[in-house]
Structures are given as C-alpha cells and as structure tokens.
Amino acid sequence: MKKSVLASLAGVLFMASWIGMADASITLEFGSGVGLTHGRLTPVGGITLELGDLELKNFSSMDPLYKAAVDMSDIAIDPNPISTVAGFVMYDAWEKTTISGFALYADIAGDAALETILTGDLHIDYLIVNQSVGAIDTLEIAVDIDNIQLVNSSLWTTVPSILTDLVNIGEADLALNIVASGQIDLNAAIQGSNLVRDIVVSGTVSAVPEPGVLALFAYGLVVAVRFRKQK
Amino acid sequence: MKKVACSLIVTIILLALSVHSYANVTLGFTTSPSPSSSSFTISNLGGSLRNLSFGNLSITTASDNGTTISELIGEQVVLDDVTIDLGTESLVGMFGSAGIYSYDLTSLILDGFSIVVGGNTVFEADVSYQTLVTLGKSGTIDYDVNYSLSNLRIYNTYISNSATVAYLSQYLLGADMTLTLASDLLDLHDGLYGTQNINGVVGGTAVPNPVPEPFMYLMMGWGTIMLYTSRKVNSKCK
C-alpha cells in the first residue's frame with residue numbers, strides 16, 4: 001500500500017514539475033500597436049477604460065503571429081475606491097464583455113483580412129492606480145482568462161504550438177499595465193469623470209495553473225489515496 | 001506699482017501659455033513587435049545587484065498637439081541598462097498579502113536615452129532614474145513627476161522632416177519619462193530574489209518639461225524686484 005502511495009506521489013510531483021516547466025514558455029506579450037490608436041479613459045457609459053489597438057510583441061517578422069491583433073473588452077471602473085495604500089488606490093473593475101472578451105486576430109487565410117484565431121472568456125477584478133500609471137489584475141488572485149479556444153483552426157497549415165498549449169491548459173493569468181501620457185493623474189480623472197485620451201497599454205498572458213487548480217489536483221490525490229486504502 | 005502688477009500678470013499669462021503649449025506633446029513606446037527576444041530582462045549580477053535590460057522598444061505614438069509625427073512611428077527607443085540594488089528595498093505598503101516594494105535605481109546614465117531612426121541616432125539625452133516600485137507582476141519606474149531626461153540633443157542631419165525637428169525641439173528643456181514593466185510569469189518581488197531571469201513587456205511615455213527651469217523663475221523674480229525698486233527710487237526723487 002505504502003509503495004503505491006509513494007509511487008503515485010512521485011508521479012504527481014513529476015507531472016507537476018513537468019507542467020511547471022512547460023508553462024514557462026507559454027506566455028504572450030502584447031501592448032499598444034505601433035502607429036495605432038492608444039487606449040483612453042472615458043466617462044461615457046460610466047467610467048470606462050478602452051484599451052485601444054493592441055498587438056502581440058516579441059515575434060519575428062517571419063512568424064505567423066507577428067503583429068497579431070489583440071482585442072480585449074472595454075473595462076468598467078467603479079470610481080469609488082475600495083482601498084488606498086501609500087498613494088496606490090484600488091478600484092473595483094470588471095470587463096464589459098465576458099464571453100470571448102479576449103481574442104486574437106491574424107491574417108491566416110492570406111486574404112489581407114484578419115481572422116479570429118483564438119478566444120477566451122475574460123474576468124477582470126480590479127485596477128490599482130498611482131498618479132499616471134495603473135495596474136490591472138497584476139496580483140494573482142483568480143483566473144483572468146478561461147475557456148480558451150481555437151477559432152478557424154482549419155485555416156492554419158500548422159497551428160502555432162503556443163496557441164495549442166494555451167488551449168490545452170485552458171486558462172491563463174493576465175497582467176496589464178497602463179500609463180497616461182502627459183503626467184495626467186488617473187485618480188483625479190477616474191473620480192472626476194474626466195476624459196484621458198492617450199494611454200499606453202502593455203500586458204502579458206501566461207498559462208500558469210492557478211492555486212485553485214493545484215488545490216483540486218491535491219484533493220484528487222487525497223481521494224485516490226483513500227480509495228486505494230479502502231481497497 | 002501698476003507696472004509691477006502688469007509685469008506680474010504678463011508673467012502669469014506667459015507661464016500659463018507655456019504649460020498649455022507643451023500639454024499635448026507626447027511620445028509613447030512599448031516593447032517592439034519584432035525581432036524576437038525584444039522583451040525586458042532582469043538578470044542577477046551577483047550579490048544584491050540585478051541588471052534591468054529594457055529590450056527593443058518601438059515608438060507607438062509621437063504626437064504634437066494632435067498632429068502625428070509619422071517619421072518617428074515604429075522607430076526605435078534605446079534605453080541603456082539600469083542596475084537595481086536589492087539592498088535599497090523598502091516595503092511601501094500592503095494590499096492584503098501583496099506588498100508594494102520600492103528599490104533605488106542607478107542615479108544618472110549619460111546618453112542613456114536615444115531615439116534611432118533608420119539606424120541613426122537623432123535624439124539623445126541623459127537619464128536620471130529614481131525608483132522602481134513593484135506590485136505583483138507590475139513594475140513602475142518614476143511614476144511621479146520628476147524630470148528624468150536632461151541634456152537633450154537633436155542630431156537633425158538624419159531627420160528629413162522639419163516637423164520632426166520642431167517636435168523634438170520641444171523636449172530640449174528636459175522631459176519626464178515614466179516606464180511600466182509587466183512580467184510574463186513571475187511576481188517581480190519574488191523574481192528578484194529567484195534564480196530565473198524575469199521577462200516581460202515595457203510601456204512608456206515621455207513628455208516635455210511643462211514649466212520653465214528654476215533659473216527662469218529666478219530671473220523673472222529678480223526683474224520684478226528691480227522694476228519695483230526703480231519705481232520707488234524714482235518716486236522718492238520726485
């Protein structure tokens with residue numbers, strides 16, 4: 001009995017370390033597009049952060065994902081702060097569109113038009129602002145993107161492995177930064193319902209098993225051990 | 001006395017106009033879409049020192065009161081590496097269990113900022129960084145107003161458009177630069193103490209110094225006092 005438990009533990013540890021190693025490369029970096037529309041903060045329809053035109057970063061010009069477009073839902077912000085710590089103000093924030101609130105587009109049909117290649121459901125939790133900068137969901141509290149799916153995959157000759165890896169894990173962590181041009185105080189803008197026109201956005205999406213997933217994994221292990229014991 | 005009041009009013013109007021004229025001049029940049037390995041990297045230099053390399057950066061926007069300076073769009077911003085000293089770490093505050101940490105950075109880097117167009121440096125400046133503040137996967141460098149770019153120089157031999165020269169000229173009095181770092185995988189504070197390199201995306205803005213230098217204030221103040229004194233002397237003589 002002990003041998004089987006030890007064997008399953010070793011197996012689990014091996015799997016966990018393997019998953020961890022594999023995940024290290026499953027990241028997408030993105031940000032404001034070159035020569036494209038920057039983000040803005042607008043009081044229309046409640047305080048809303050529009051992220052503007054975003055593109056993938058750090059791909060060679062030969063890569064099919066080079067400059068692929070990233071589309072993210074607008075983010076609604078409650079102007080009443082949740083808490084303030086050393087000048088950092090935390091606001092409740094949420095995505096205006098959850099289902100497929102995160103999407104990637106690239107021209108994979110070769111028709112000079114962009115096709116949707118990947119979607120995921122978006123879950124934004126908060127925005128933390130200090131003067132002209134802000135951070136969205138940069139503390140790992142919950143899964144930010146789940147239900148990740150390939151779209152139009154039949155149009156690819158070969159689907160890039162980074163996309164299939166993302167889909168296989170199925171959920172990802174998002175970290176998003178914003179910086180307003182012109183030393184504009186974002187707290188004053190949010191609380192005073194002012195328009196901020198020019199916001200540079202940069203962010204990452206990484207497929208990392210969240211603590212909740214690992215907890216489920218551990219729970220499954222305990223159940224398996226008990227089952228073996230009863231046998 | 002009327003003259004003094006007049007000169008004061010004119011001074012205030014000039015100040016207001018000077019602030020207004022610079023208000024919509026911005027430069028925005030992020031990690032380059034190409035080539036690969038353009039991300040920022042924080043690596044261990046040994047001991048308490050870490051090296052922050054900003055990677056390849058591209059200009060996403062260059063705007064002069066609503067007019068796009070197209071010659072600069074997509075061109076490179078080059079930032080020299082910065083050293084982070086973990087020995088200067090201070091815990092600024094906590095959001096729940098997450099800490100906000102501050103670190104001092106290399107104070108002055110000569111020619112540490114440049115804009116490269118078509119392989120030629122067209123703009124260069126010295127950079128004074130102050131602090132890196134981390135919160136989870138997010139890092140911010142100099143979010144407050146401090147004029148981090150100084151000793152700015154334009155090399156207009158390589159600039160074809162006069163609008164580009166006019167745009168860059170507005171930065172000559174100094175500029176404020178703010179940078180953000182979004183880490184790929186690691187919490188920045190934890191990552192700084194780990195063995196793995198930290199990678200991710202940079203976002204940044206630079207805006208011209210919106211107010212005249214302190215020396216200008218001194219000159220204007222001195223001029224006003226001189227005017228006031230001469231008026232007093234004149235009235236006594238009469």
# chains A, B, ... in the order shown; residues from 1 in each chain; ligands from 1
$ residues_around --residues "Leu36 in chain A" --least-positions-apart "4" --cutoff "8 Å" --atoms "only C-alpha atoms" --output "PyMOL selection string"
(chain A and resi 32+52-53) or (chain B and resi 60-61)
$ interface_residues --of "chain B" --to "chain A" --cutoff "7 Å" --atoms "only C-alpha atoms" --output "NGL selection string"
:B and (23 or 26 or 28 or 30-39 or 59-61 or 73-74 or 92-94 or 136-138 or 143-145 or 180 or 182-185 or 200-205 or 207)
$ select_by_dssp --residues "range 3-215 of chain A" --states "helix (DSSP H, G or I)" --output "count of residues only"
44
$ closest_residue --among "A:Leu195, A:Ile141, A:Leu122, A:Ala189" --to "Ser97 in chain B" --atoms "only C-alpha atoms"
A:Ile141
$ atom_distance --atom1 "CA of Leu186 in chain B" --atom2 "CA of Ser43 in chain B"
12.9 Å
$ closest_residue --among "A:Thr42, A:Ser193, A:Ser154, A:Gln149" --to "Ile169 in chain A" --atoms "only C-alpha atoms"
A:Gln149
$ atom_distance --atom1 "CA of Ile145 in chain A" --atom2 "CA of Ala76 in chain A"
16.7 Å
$ atom_distance --atom1 "CA of Val70 in chain A" --atom2 "CA of Ala106 in chain A"
9.1 Å
